[in-house]
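Input: a single structure, listed below in structure tokens.
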Amino acid sequence: MREAGPLAGSLAEVKTPEVAMANKSRLRVKLHSLNEDQQWTDLGTGYVSSAYVERLQGVSLLVQSESNGSLILESKINTNTPYKKKRGLLIVWSEAENHGMALSFQDTAGCHEIWEDICRVQGIDPSVDITQDFLDISEDEFDEIPETSNMVDLPNCELGKLKQIATIVTSALTSPIRKERLALILENEDYIKKLLQLFHTCESLGDTEGLQHLHVIMKGILFLNKTCLFEIMFSDECIMNVVGCLEYDPALAEPKRHREFLTQNAKFKEVIPITDCELRQKIHQTYRVQYIHNILFPVPSVLEENCLSTIANFIFLNKVEIIRMIQKDDKFLPQVFSQLKDKTTDDDKRRDLVFFFKEFCSFSQSLQPQSKGALFKTLTKLGILPALKIVMILDDLQIRSAATDILAYLVEYSPSMIRGSMLQEYKRNEDSKLFINLLIEQMICDTDPELGGALHLMGLLRSLLDPENMVVTPNKCERTEFLHFFYKQCMHKLVAPLLATTEDTCEKDNILGTDKNSKDCLGAVRFMRRIIGHKDELYNRYIIKGNLFEPVVNALLDTGTRYNMLNSAIIELFEYIRVENIKSLVTYIFEKFYKTLEWIEYVQTFKGLKIKYEEEKDRQNKIRKNLHYTLYSKIFHRSTRALEKKETCSKENTQKVETIMEPSKNDTFTETKNPEENEENLDLPKTTSSGGYKVTFSNSAGPVNRTGNPTCSRVVGLVDYPDDDDDEEMEDEMPPGKRPHLDP
């Protein structure tokens, strides 16, 4: 029970302050004094208590120095002295005029404990923050008092001080400022190595209590979350001793054996000899730090998770460095791939290589996107898919599972890169067994009752076939190229089990109800309904090419006129095609199956399909007629323009001849009797063997060349192409020797 002074009624006298303090709890404080310049002076750090002092005839505040144990404060609690509590961590009072004193506490609990003693002596309710009005100390001067809560001083590193050190480290975690100061002390004073030396001493002496204090200390230092401290703790010199300290958890009846596991059970295998000592050391360090993070703190609380963020970052940076060092070695990765693809490699060696490469790909997840992209391009060039193809056909489930995980890393980062590699594989050797078909077979033939491997592969195939992540550029359309390849080379393997189920079950059993085969058949029909529901012409063309409606029609015919779920599902499938007017499927169904299905009149679906088919036929005929009329109109107008142009040309030539040539006296001259006679020489358009029209203009010019009537002919094309006028101009510009001969 706490001694409360004379007001307690029956107190035993305290002969010396030392005796009183021996019975009190140790409350760490810093003592300050207000000097003549109104500045707070630090008088030292110690432990405060309240006790009855016979010499002062009253209860007093006593502070014993932390460094040497001397008494640095002995202040009687007077009933008329004003005391004030500030921020829950300061108690301030005046010893005399212009002589203020202050106690700065490390935590609020200690401050409240001493405040209760003061209030009890003065007979005041401890819920107040001030006992009397202050006259000498202003409010601003309170703010100048440094808080002891931010003060950190570690005692000498000795066995007898381990409990005190554990308390200081634990309490420092509550304040960011104190964490910074504690980390600075631990880094600069080589304190951690001294603590680890004490660990060996405690183990030698069998000092379980000391070892448990060291567990608390090391765990607290980890929670300081400082990279500079991790560099010390995780060095080759210290890390196993740190793991040893963490074995002695006070909450456990028996210590763990983490060092034994790391040194004896965990074996490091060099699948390819590592000649770089720094790389080997970095791999060992990363594994051990990962062990500390994952095993010692398997389910960290929110506070612990935040405090361990720097450890996670430390591991991340180590992984990045390991990847960089492996990439830097020009021989390492090529040797891995060479042995993976070598058919003479034994299964145990191949298993180790696959597991190594899986961990390597896992580490690569730590890289930035640019670095990861460069790495995966390198792996592709080295032949990662051919290597995976070799291991995927092995009987070892562990190897196949690891290979699937490796492929998942690659697909997750760049499905486009994997699609490109698969296309290149097909183009190199079209007759070989494709890697993607191997994945489909592995998915279909998975022997796991829970289908774990099948689900994993299904997710990978879904990513590879997702049009949303396919690249579209001005020079490349990945969706068209890859999906065309897939539908042509892989789709038949993917849907083979569905088609087999549809055909077999519908032939064996056409009775609806509880039979499993009927349910499978019904499921296949529903699956086809979902495919058609996408309204994707790629799917529709594949259905038409493979005549995939034949088993559906057979199943409908087998049900006869019975009204059941299978019959209804098939009818609904055809009705959906009719309502949505999927033209390619309407044409396919009518031309292929209508004669077989026209007898079904208990629904109007097939009559409706016929109507849709005929409407589409009529529409196509109208389009053809309109096109024919349009072409004919263009041809007619083109021919008319050509006739007019040639007629004009002919008249102009006639006029020129009559103007230039004068008749000779000896020549006979025949007068034109009727101007309409020239029209008789105009031939109507004649169809040529090429499908055009030949228009011939004849004009009598006997006196000019004395050889007969010159004739101008012109072939008019069936269609008025834009460049036809250019041809006419070219012909007009041709020299006489190259012009076409005139018809006689």
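Ligands are numbered from 1 in the order shown, chains are lettered A, B, ... in the order of the structure tokens, and residues start at 1 in each chain.
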
- Message: I need the residues in stretch 32-194 of chain A that are alpha helix (DSSP H) according to DSSP; give them as an NGL selection string.
- Response: :A and (108-122 or 139-143 or 162-172 or 176-188 or 191-194)

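Using only C-alpha atoms, the residues found no farther than 12 Å from A:Tyr539, other than those of its own chain fewer than 4 positions away, are Leu483, His484, Phe486, Tyr487, Lys488, Met491, Met528, Arg529, Arg530, Ile531, Ile532, Gly533, His534, Lys535, Ile543, Ile544, Lys545, Gly546, Leu548, Ile582, Ser584 and Leu585 of chain A.
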
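Coordinates place atom CA of A:Thr345 at a distance of 24.7 Å from atom CA of A:Glu441.
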
- Could you please write out, as a ChimeraX atom specification, every residue of stretch 420-536 of chain A that DSSP assigns to strand (DSSP E)? /A:472-473,476-477

Using only C-alpha atoms, find each residue of stretch 272-365 of chain A with at least one atom at most 7 Å away from an atom of stretch 383-390 of chain A; report its shortest atom-to-atom pair and that distance in Å (one decimal), sort the rows by chain and rising residue number, and return the result as a Markdown table.
| residue | atom | partner | partner_atom | distance |
| --- | --- | --- | --- | --- |
| A:Phe337 | CA | A:Ala387 | CA | 6.7 |
| A:Leu340 | CA | A:Ala387 | CA | 5.9 |
| A:Lys341 | CA | A:Ala387 | CA | 5.3 |

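Proximity to A:Thr45 at 10 Å, evaluated using only C-alpha atoms and with sequence-adjacent residues fewer than 6 positions away removed, yields Arg28, Val29, Lys30, Leu31, His32, Val63, Gln64, Ser65, Glu66, Ser67, Ile72, Leu103, Ser104, Thr148, Met151 and Asp153 of chain A.
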
Hey, can you spit out that residue selection with all heavy atoms as a compact mmCIF listing (two decimals), in the first residue's frame?
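Written file, again.txt:
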# COMPACT_ATOMS: atom_id res chain seq x y z
N ARG A 28 10.48 6.75 -14.12
CA ARG A 28 11.59 7.48 -14.73
C ARG A 28 11.13 8.89 -15.10
O ARG A 28 10.11 9.08 -15.77
CB ARG A 28 12.08 6.73 -15.96
CG ARG A 28 13.44 7.14 -16.46
CD ARG A 28 13.96 6.05 -17.40
NE ARG A 28 15.30 6.35 -17.88
CZ ARG A 28 15.58 6.94 -19.03
NH1 ARG A 28 14.59 7.25 -19.84
NH2 ARG A 28 16.82 7.19 -19.39
N VAL A 29 11.93 9.90 -14.71
CA VAL A 29 11.60 11.30 -14.98
C VAL A 29 12.88 12.06 -15.30
O VAL A 29 13.99 11.59 -15.07
CB VAL A 29 10.91 11.97 -13.77
CG1 VAL A 29 9.57 11.35 -13.47
CG2 VAL A 29 11.82 11.94 -12.55
N LYS A 30 12.65 13.25 -15.84
CA LYS A 30 13.74 14.21 -16.00
C LYS A 30 13.37 15.44 -15.18
O LYS A 30 12.24 15.93 -15.27
CB LYS A 30 13.95 14.56 -17.47
CG LYS A 30 15.18 15.45 -17.72
CD LYS A 30 15.40 15.68 -19.21
CE LYS A 30 16.02 14.48 -19.87
NZ LYS A 30 17.41 14.25 -19.45
N LEU A 31 14.34 15.95 -14.42
CA LEU A 31 14.10 17.07 -13.51
C LEU A 31 14.59 18.37 -14.15
O LEU A 31 15.70 18.42 -14.68
CB LEU A 31 14.83 16.83 -12.18
CG LEU A 31 14.68 17.91 -11.10
CD1 LEU A 31 13.22 18.05 -10.65
CD2 LEU A 31 15.58 17.58 -9.90
N HIS A 32 13.73 19.40 -14.11
CA HIS A 32 14.06 20.70 -14.69
C HIS A 32 13.87 21.79 -13.63
O HIS A 32 13.02 21.68 -12.73
CB HIS A 32 13.17 21.02 -15.89
CG HIS A 32 13.25 20.00 -16.99
ND1 HIS A 32 14.19 20.04 -17.98
CD2 HIS A 32 12.49 18.89 -17.23
CE1 HIS A 32 14.02 19.02 -18.80
NE2 HIS A 32 12.99 18.30 -18.36
N VAL A 63 13.69 12.34 -5.98
CA VAL A 63 14.21 11.89 -7.27
C VAL A 63 15.64 11.41 -7.06
O VAL A 63 16.50 12.18 -6.59
CB VAL A 63 14.17 13.00 -8.34
CG1 VAL A 63 14.80 12.50 -9.65
CG2 VAL A 63 12.75 13.48 -8.59
N GLN A 64 15.87 10.15 -7.40
CA GLN A 64 17.19 9.55 -7.27
C GLN A 64 17.82 9.45 -8.65
O GLN A 64 17.20 8.99 -9.61
CB GLN A 64 17.06 8.15 -6.66
CG GLN A 64 18.38 7.51 -6.30
CD GLN A 64 18.19 6.16 -5.63
OE1 GLN A 64 17.10 5.58 -5.71
NE2 GLN A 64 19.21 5.67 -4.96
N SER A 65 19.06 9.92 -8.77
CA SER A 65 19.76 9.97 -10.05
C SER A 65 19.86 8.58 -10.68
O SER A 65 20.16 7.60 -9.99
CB SER A 65 21.14 10.58 -9.88
OG SER A 65 21.86 10.52 -11.09
N GLU A 66 19.63 8.52 -11.99
CA GLU A 66 19.74 7.26 -12.72
C GLU A 66 21.19 6.82 -12.86
O GLU A 66 21.50 5.63 -12.85
CB GLU A 66 19.11 7.41 -14.11
CG GLU A 66 19.10 6.16 -14.96
CD GLU A 66 18.51 6.38 -16.33
OE1 GLU A 66 18.98 7.29 -17.04
OE2 GLU A 66 17.57 5.64 -16.70
N SER A 67 22.09 7.79 -12.95
CA SER A 67 23.48 7.47 -13.24
C SER A 67 24.24 6.95 -12.02
O SER A 67 24.94 5.94 -12.09
CB SER A 67 24.19 8.70 -13.81
OG SER A 67 24.12 9.77 -12.89
N ILE A 72 18.78 13.82 -6.16
CA ILE A 72 18.88 15.12 -6.83
C ILE A 72 17.67 15.99 -6.56
O ILE A 72 17.66 17.16 -6.94
CB ILE A 72 19.07 14.93 -8.35
CG1 ILE A 72 17.91 14.14 -8.96
CG2 ILE A 72 20.40 14.25 -8.65
CD1 ILE A 72 17.99 14.00 -10.48
N LEU A 103 8.79 18.19 -13.26
CA LEU A 103 9.09 16.79 -13.48
C LEU A 103 8.48 16.38 -14.82
O LEU A 103 7.28 16.53 -15.04
CB LEU A 103 8.52 15.91 -12.37
CG LEU A 103 9.16 16.03 -10.98
CD1 LEU A 103 8.38 15.20 -9.96
CD2 LEU A 103 10.62 15.59 -11.02
N SER A 104 9.33 15.89 -15.72
CA SER A 104 8.87 15.43 -17.04
C SER A 104 8.89 13.90 -17.03
O SER A 104 9.95 13.29 -16.90
CB SER A 104 9.78 15.98 -18.14
OG SER A 104 9.37 15.51 -19.40
N THR A 148 10.11 14.25 -21.16
CA THR A 148 10.93 13.08 -20.88
C THR A 148 10.48 11.89 -21.69
O THR A 148 11.24 10.95 -21.91
CB THR A 148 10.85 12.75 -19.38
OG1 THR A 148 11.22 13.91 -18.65
CG2 THR A 148 11.79 11.62 -19.03
N MET A 151 12.81 11.12 -24.29
CA MET A 151 14.18 10.92 -23.85
C MET A 151 14.49 9.43 -23.79
O MET A 151 13.71 8.63 -23.29
CB MET A 151 14.34 11.54 -22.46
CG MET A 151 15.69 11.32 -21.82
SD MET A 151 15.64 11.89 -20.14
CE MET A 151 14.39 10.85 -19.44
N ASP A 153 17.79 6.87 -22.88
CA ASP A 153 19.16 6.63 -22.42
C ASP A 153 19.28 5.16 -22.08
O ASP A 153 18.54 4.65 -21.24
CB ASP A 153 19.50 7.48 -21.18
CG ASP A 153 19.62 8.96 -21.52
OD1 ASP A 153 20.20 9.26 -22.58
OD2 ASP A 153 19.12 9.79 -20.74

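In this structure, atom CA of A:Arg288 sits 17.0 Å away from atom CA of A:Phe356.
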
- Could you please determine the separation between atom CA of A:Leu195 and atom CA of A:Thr170 in Å, to one decimal place? 15.5 Å

- Task: Please provide as an MDAnalysis selection string all residues within 8 Å of stretch 239-252 of chain A, with the sequence filter that same-chain residues fewer than 2 positions apart are discarded (counting only C-alpha atoms).
- Result: chainID A and resid 196 199 208 211:212 214:216 218:219 233:237 254:259 292 296

Excluding A:Asn469 and residues on its chain fewer than 4 positions from it, collect all residues at most 8 Å away from it, counting only C-alpha atoms, and give them as a PDB file with all heavy atoms, in the first residue's frame.
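Output file out35.pdb follows:
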ATOM      1  N   PRO A 415       0.886 -11.854 -71.563  1.00  0.00           N
ATOM      2  CA  PRO A 415       0.234 -12.902 -72.368  1.00  0.00           C
ATOM      3  C   PRO A 415       0.538 -12.739 -73.850  1.00  0.00           C
ATOM      4  O   PRO A 415       0.599 -13.714 -74.582  1.00  0.00           O
ATOM      5  CB  PRO A 415      -1.259 -12.710 -72.055  1.00  0.00           C
ATOM      6  CG  PRO A 415      -1.380 -11.328 -71.494  1.00  0.00           C
ATOM      7  CD  PRO A 415      -0.088 -11.038 -70.821  1.00  0.00           C
ATOM      8  N   SER A 416       0.750 -11.502 -74.284  1.00  0.00           N
ATOM      9  CA  SER A 416       1.056 -11.268 -75.698  1.00  0.00           C
ATOM     10  C   SER A 416       2.374 -11.920 -76.092  1.00  0.00           C
ATOM     11  O   SER A 416       2.495 -12.481 -77.196  1.00  0.00           O
ATOM     12  CB  SER A 416       1.112  -9.759 -75.973  1.00  0.00           C
ATOM     13  OG  SER A 416       1.400  -9.500 -77.322  1.00  0.00           O
ATOM     14  N   SER A 463      -6.638 -16.402 -69.928  1.00  0.00           N
ATOM     15  CA  SER A 463      -5.846 -15.180 -70.126  1.00  0.00           C
ATOM     16  C   SER A 463      -5.295 -15.107 -71.545  1.00  0.00           C
ATOM     17  O   SER A 463      -5.267 -14.039 -72.155  1.00  0.00           O
ATOM     18  CB  SER A 463      -4.694 -15.128 -69.114  1.00  0.00           C
ATOM     19  OG  SER A 463      -5.177 -15.051 -67.793  1.00  0.00           O
TER      20      SER A 463
END
